[in-house]
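In what follows, a structure is listed as structure tokens, so that the remarks can point back to it.
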Amino acid sequence: MVPSMNPEVRAKYESRARIIKAMAHPTRLFIVDELAKSNERCVCELTQMIGADMSTVSRHLATLKGVGILEDERRGAQVYYRLRVNYIVNFFRCVESVLQCNGNSDCDPVV
């Protein structure tokens with residue numbers, strides 16, 4: 001039997017695509033990477049690290065939160081963000097493997 005792209009399968013891939021699209025920006029990749037290293041950061045810290053205005057950083061955070069990558073917690077006047085699912089860093093490892101293999105004919109892509 002040949003697999004088909006029925007509505008259920010299509011919905012699964014559309015959900016995956018939304019998550020990948022949400023990360024498809026250098027600033028958002030930086031945010032995810034930083035939160036993987038530090039557990040959580042407040043918007044003010046991320047704004048300073050990124051070097052952008054708070055509204056821009058907040059939009060990036062909202063995009064990542066909207067697809068379920070981040071969660072937030074308000075503490076007084078500050079909002080702190082953290083990864084909702086730490087396994088997202090495995091995606092980074094996969095991307096790094098692809099980058100290492102690009103242009104390397106001796107690369108073993110199955111690791």
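Chains: A, B, ... in order of the structure tokens. Residues: from 1 per chain. Ligands: from 1, in order shown.
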Can you check which parts of range 32-110 of chain A lie within 10 Å of range 16-23 of chain A? Per residue, the shortest pair of atoms and distance in Å to one decimal, counting only C-alpha atoms, sorted by chain and number, as CSV.
residue,atom,partner,partner_atom,distance
A:Val32,CA,A:Met23,CA,8.3
A:His60,CA,A:Ala22,CA,8.7
A:Leu61,CA,A:Ala22,CA,9.9
A:Ala62,CA,A:Ala22,CA,9.8
A:Thr63,CA,A:Ala22,CA,6.2
A:Leu64,CA,A:Ala22,CA,6.0
A:Lys65,CA,A:Ala22,CA,9.2
A:Gly66,CA,A:Ala22,CA,8.6
A:Val67,CA,A:Ile19,CA,5.8
A:Gly68,CA,A:Ile19,CA,8.0
A:Ile69,CA,A:Ile19,CA,7.8
A:Phe91,CA,A:Ile20,CA,9.7
Save out the residues we just selected, all heavy atoms, as a compact mmCIF listing (two decimals), in the first residue's frame.
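Just written: part-v9.txt:
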# COMPACT_ATOMS: atom_id res chain seq x y z
N VAL A 32 15.86 30.57 21.54
CA VAL A 32 15.70 29.17 21.93
C VAL A 32 17.02 28.62 22.45
O VAL A 32 17.07 27.95 23.48
CB VAL A 32 15.17 28.33 20.75
CG1 VAL A 32 15.22 26.84 21.07
CG2 VAL A 32 13.75 28.74 20.40
N HIS A 60 8.92 38.35 18.77
CA HIS A 60 9.60 37.07 18.57
C HIS A 60 9.19 36.06 19.64
O HIS A 60 8.91 34.90 19.34
CB HIS A 60 11.12 37.25 18.59
CG HIS A 60 11.67 37.90 17.36
ND1 HIS A 60 11.48 37.40 16.08
CD2 HIS A 60 12.44 39.01 17.21
CE1 HIS A 60 12.10 38.17 15.20
NE2 HIS A 60 12.68 39.16 15.86
N LEU A 61 9.15 36.52 20.88
CA LEU A 61 8.74 35.63 21.98
C LEU A 61 7.30 35.17 21.81
O LEU A 61 6.99 33.98 22.04
CB LEU A 61 8.93 36.35 23.32
CG LEU A 61 10.37 36.61 23.73
CD1 LEU A 61 10.43 37.63 24.86
CD2 LEU A 61 11.08 35.32 24.11
N ALA A 62 6.43 36.06 21.38
CA ALA A 62 5.02 35.69 21.17
C ALA A 62 4.89 34.65 20.06
O ALA A 62 4.06 33.73 20.16
CB ALA A 62 4.20 36.93 20.83
N THR A 63 5.70 34.77 19.03
CA THR A 63 5.67 33.79 17.95
C THR A 63 6.06 32.41 18.47
O THR A 63 5.39 31.41 18.19
CB THR A 63 6.62 34.22 16.81
OG1 THR A 63 6.15 35.46 16.27
CG2 THR A 63 6.68 33.17 15.71
N LEU A 64 7.14 32.36 19.24
CA LEU A 64 7.60 31.07 19.79
C LEU A 64 6.61 30.51 20.81
O LEU A 64 6.36 29.30 20.84
CB LEU A 64 8.99 31.25 20.42
CG LEU A 64 10.11 31.56 19.44
CD1 LEU A 64 11.37 32.00 20.19
CD2 LEU A 64 10.39 30.37 18.54
N LYS A 65 6.03 31.37 21.60
CA LYS A 65 5.02 30.93 22.57
C LYS A 65 3.76 30.43 21.87
O LYS A 65 3.15 29.44 22.27
CB LYS A 65 4.69 32.06 23.54
CG LYS A 65 3.71 31.65 24.61
CD LYS A 65 3.36 32.81 25.53
CE LYS A 65 2.24 32.39 26.47
NZ LYS A 65 1.72 33.50 27.23
N GLY A 66 3.40 31.10 20.80
CA GLY A 66 2.18 30.76 20.07
C GLY A 66 2.16 29.36 19.50
O GLY A 66 1.10 28.77 19.33
N VAL A 67 3.33 28.81 19.20
CA VAL A 67 3.40 27.45 18.67
C VAL A 67 3.78 26.43 19.74
O VAL A 67 3.95 25.26 19.45
CB VAL A 67 4.35 27.33 17.45
CG1 VAL A 67 3.86 28.17 16.30
CG2 VAL A 67 5.78 27.66 17.83
N GLY A 68 3.91 26.90 20.99
CA GLY A 68 4.16 25.98 22.10
C GLY A 68 5.61 25.70 22.41
O GLY A 68 5.90 24.80 23.21
N ILE A 69 6.53 26.47 21.84
CA ILE A 69 7.95 26.26 22.14
C ILE A 69 8.31 26.86 23.49
O ILE A 69 9.10 26.29 24.24
CB ILE A 69 8.84 26.85 21.02
CG1 ILE A 69 8.61 26.06 19.73
CG2 ILE A 69 10.31 26.83 21.42
CD1 ILE A 69 9.27 26.65 18.51
N PHE A 91 16.70 19.32 17.91
CA PHE A 91 16.55 19.85 16.55
C PHE A 91 17.81 20.62 16.17
O PHE A 91 18.30 20.51 15.04
CB PHE A 91 15.32 20.74 16.46
CG PHE A 91 15.13 21.39 15.13
CD1 PHE A 91 14.66 20.66 14.05
CD2 PHE A 91 15.44 22.73 14.94
CE1 PHE A 91 14.49 21.25 12.81
CE2 PHE A 91 15.27 23.33 13.71
CZ PHE A 91 14.80 22.59 12.64
Query - In range 39-81 of chain A, DSSP strand (DSSP E or B) residues written as number ranges by chain - result: A: 40-42, 70-75, 78-81
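Every protein, DNA or RNA residue with an atom at most 12 Å from Lys37 in chain A, where only C-alpha atoms count and chain neighbours fewer than 4 positions away do not, is listed here: Phe30, Ile31, Val32, Asp33, Arg41, Arg82, Leu83, Asn86 and Val89 of chain A.
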The selected residues should be written to file as a compact mmCIF listing (two decimals), in the first residue's frame (atoms: C-alpha atoms).
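Printed below is result.txt as written:
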# COMPACT_ATOMS: atom_id res chain seq x y z
CA PHE A 30 19.16 32.67 19.40
CA ILE A 31 16.34 32.92 21.95
CA VAL A 32 15.70 29.17 21.93
CA ASP A 33 19.43 28.43 22.19
CA ARG A 41 15.36 34.74 31.01
CA ARG A 82 11.56 29.30 29.39
CA LEU A 83 11.43 26.39 26.99
CA ASN A 86 13.62 20.99 26.30
CA VAL A 89 17.58 21.43 21.40
So that I can see what lies close to Asn90 in chain A, please list as a tab-separated table (two decimals) with C-alpha atoms, in the first residue's frame the residues with an atom at most 12 Å from it, counting only C-alpha atoms and leaving out residues fewer than 5 positions away in the same chain.
chain	number	residue	atom	x	y	z
A	32	VAL	CA	15.70	29.17	21.93
A	33	ASP	CA	19.43	28.43	22.19
A	36	ALA	CA	18.25	26.01	26.51
A	85	VAL	CA	9.86	21.31	25.87
A	95	VAL	CA	20.75	21.10	12.06
A	96	GLU	CA	24.39	21.21	13.17
A	97	SER	CA	24.92	17.69	11.78
Query - For His25 in chain A, the nearest of the candidates A:Cys101, A:Ala11, A:Val57, A:Cys94, counting only C-alpha atoms - result: A:Val57
Query - 12 Å contact set for Arg75 in chain A, only C-alpha atoms, chain neighbours under 6 positions out, as number ranges by chain - result: A: 41-43, 81
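Atom pair CA of Leu29 in chain A / CA of Val79 in chain A: separated by 19.4 Å.
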Query raised in the report: Which polymer residues have any atom within 12 Å of an atom of Ile50 in chain A, counting only C-alpha atoms, with same-chain residues fewer than 2 positions away left out, as a ChimeraX atom specification?
Result: /A:26-31,34,43-48,52-54,56-58,60
Write a file of the just-selected residues containing N, CA, C and O atoms, as a PDB file, in the first residue's frame.
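Dumped to out24.pdb:
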ATOM      1  N   PRO A  26      16.829  34.091  12.681  1.00  0.00           N
ATOM      2  CA  PRO A  26      18.033  34.037  13.519  1.00  0.00           C
ATOM      3  C   PRO A  26      17.809  34.482  14.966  1.00  0.00           C
ATOM      4  O   PRO A  26      18.350  33.874  15.899  1.00  0.00           O
ATOM      5  N   THR A  27      17.006  35.504  15.163  1.00  0.00           N
ATOM      6  CA  THR A  27      16.751  35.981  16.530  1.00  0.00           C
ATOM      7  C   THR A  27      16.012  34.924  17.338  1.00  0.00           C
ATOM      8  O   THR A  27      16.324  34.684  18.505  1.00  0.00           O
ATOM      9  N   ARG A  28      15.041  34.272  16.727  1.00  0.00           N
ATOM     10  CA  ARG A  28      14.286  33.239  17.451  1.00  0.00           C
ATOM     11  C   ARG A  28      15.157  32.034  17.749  1.00  0.00           C
ATOM     12  O   ARG A  28      15.051  31.428  18.817  1.00  0.00           O
ATOM     13  N   LEU A  29      16.032  31.688  16.823  1.00  0.00           N
ATOM     14  CA  LEU A  29      16.970  30.593  17.087  1.00  0.00           C
ATOM     15  C   LEU A  29      17.881  30.951  18.254  1.00  0.00           C
ATOM     16  O   LEU A  29      18.159  30.116  19.121  1.00  0.00           O
ATOM     17  N   PHE A  30      18.331  32.205  18.293  1.00  0.00           N
ATOM     18  CA  PHE A  30      19.162  32.665  19.401  1.00  0.00           C
ATOM     19  C   PHE A  30      18.402  32.555  20.719  1.00  0.00           C
ATOM     20  O   PHE A  30      18.943  32.091  21.729  1.00  0.00           O
ATOM     21  N   ILE A  31      17.150  32.978  20.734  1.00  0.00           N
ATOM     22  CA  ILE A  31      16.336  32.923  21.954  1.00  0.00           C
ATOM     23  C   ILE A  31      16.203  31.489  22.438  1.00  0.00           C
ATOM     24  O   ILE A  31      16.417  31.200  23.627  1.00  0.00           O
ATOM     25  N   GLU A  34      19.559  30.277  23.756  1.00  0.00           N
ATOM     26  CA  GLU A  34      19.880  30.909  25.041  1.00  0.00           C
ATOM     27  C   GLU A  34      19.040  30.322  26.173  1.00  0.00           C
ATOM     28  O   GLU A  34      19.545  30.065  27.266  1.00  0.00           O
ATOM     29  N   VAL A  43      12.329  39.203  29.741  1.00  0.00           N
ATOM     30  CA  VAL A  43      12.307  39.930  28.472  1.00  0.00           C
ATOM     31  C   VAL A  43      13.398  40.989  28.455  1.00  0.00           C
ATOM     32  O   VAL A  43      14.066  41.183  27.435  1.00  0.00           O
ATOM     33  N   CYS A  44      13.614  41.651  29.576  1.00  0.00           N
ATOM     34  CA  CYS A  44      14.630  42.715  29.619  1.00  0.00           C
ATOM     35  C   CYS A  44      16.027  42.151  29.337  1.00  0.00           C
ATOM     36  O   CYS A  44      16.815  42.779  28.627  1.00  0.00           O
ATOM     37  N   GLU A  45      16.341  40.969  29.862  1.00  0.00           N
ATOM     38  CA  GLU A  45      17.650  40.349  29.595  1.00  0.00           C
ATOM     39  C   GLU A  45      17.787  39.987  28.119  1.00  0.00           C
ATOM     40  O   GLU A  45      18.819  40.255  27.498  1.00  0.00           O
ATOM     41  N   LEU A  46      16.757  39.379  27.564  1.00  0.00           N
ATOM     42  CA  LEU A  46      16.804  38.991  26.154  1.00  0.00           C
ATOM     43  C   LEU A  46      16.913  40.209  25.255  1.00  0.00           C
ATOM     44  O   LEU A  46      17.650  40.199  24.263  1.00  0.00           O
ATOM     45  N   THR A  47      16.205  41.271  25.602  1.00  0.00           N
ATOM     46  CA  THR A  47      16.265  42.504  24.822  1.00  0.00           C
ATOM     47  C   THR A  47      17.691  43.034  24.785  1.00  0.00           C
ATOM     48  O   THR A  47      18.202  43.411  23.725  1.00  0.00           O
ATOM     49  N   GLN A  48      18.349  43.036  25.937  1.00  0.00           N
ATOM     50  CA  GLN A  48      19.725  43.517  26.009  1.00  0.00           C
ATOM     51  C   GLN A  48      20.668  42.597  25.228  1.00  0.00           C
ATOM     52  O   GLN A  48      21.538  43.072  24.496  1.00  0.00           O
ATOM     53  N   ALA A  52      17.920  44.599  20.395  1.00  0.00           N
ATOM     54  CA  ALA A  52      16.757  45.120  19.660  1.00  0.00           C
ATOM     55  C   ALA A  52      15.820  45.777  20.668  1.00  0.00           C
ATOM     56  O   ALA A  52      15.990  45.615  21.877  1.00  0.00           O
ATOM     57  N   ASP A  53      14.830  46.499  20.163  1.00  0.00           N
ATOM     58  CA  ASP A  53      13.881  47.121  21.085  1.00  0.00           C
ATOM     59  C   ASP A  53      12.952  46.056  21.666  1.00  0.00           C
ATOM     60  O   ASP A  53      12.792  44.971  21.113  1.00  0.00           O
ATOM     61  N   MET A  54      12.357  46.390  22.797  1.00  0.00           N
ATOM     62  CA  MET A  54      11.539  45.433  23.533  1.00  0.00           C
ATOM     63  C   MET A  54      10.336  44.946  22.719  1.00  0.00           C
ATOM     64  O   MET A  54       9.969  43.771  22.805  1.00  0.00           O
ATOM     65  N   THR A  56      10.114  44.463  19.509  1.00  0.00           N
ATOM     66  CA  THR A  56      10.574  43.470  18.534  1.00  0.00           C
ATOM     67  C   THR A  56      10.831  42.132  19.207  1.00  0.00           C
ATOM     68  O   THR A  56      10.395  41.083  18.725  1.00  0.00           O
ATOM     69  N   VAL A  57      11.530  42.171  20.331  1.00  0.00           N
ATOM     70  CA  VAL A  57      11.821  40.934  21.066  1.00  0.00           C
ATOM     71  C   VAL A  57      10.521  40.295  21.554  1.00  0.00           C
ATOM     72  O   VAL A  57      10.344  39.078  21.458  1.00  0.00           O
ATOM     73  N   SER A  58       9.594  41.110  22.017  1.00  0.00           N
ATOM     74  CA  SER A  58       8.302  40.584  22.481  1.00  0.00           C
ATOM     75  C   SER A  58       7.539  39.887  21.355  1.00  0.00           C
ATOM     76  O   SER A  58       6.900  38.862  21.587  1.00  0.00           O
ATOM     77  N   HIS A  60       8.917  38.347  18.775  1.00  0.00           N
ATOM     78  CA  HIS A  60       9.603  37.070  18.565  1.00  0.00           C
ATOM     79  C   HIS A  60       9.190  36.063  19.643  1.00  0.00           C
ATOM     80  O   HIS A  60       8.910  34.895  19.341  1.00  0.00           O
TER      81      HIS A  60
END
Report task. For CA of Ser38 in chain A and CA of Tyr80 in chain A, quote the distance in Å rounded to one decimal. Result -> 11.7 Å
**Report entry** DSSP-assigned alpha helix (DSSP H) members of chain A, reported as a ChimeraX atom specification
**Finding:** /A:7-23,26-38,43-50,54-66,88-101
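The two atoms in question, CA of Val9 in chain A and CA of Ile88 in chain A, are spaced 21.8 Å apart.
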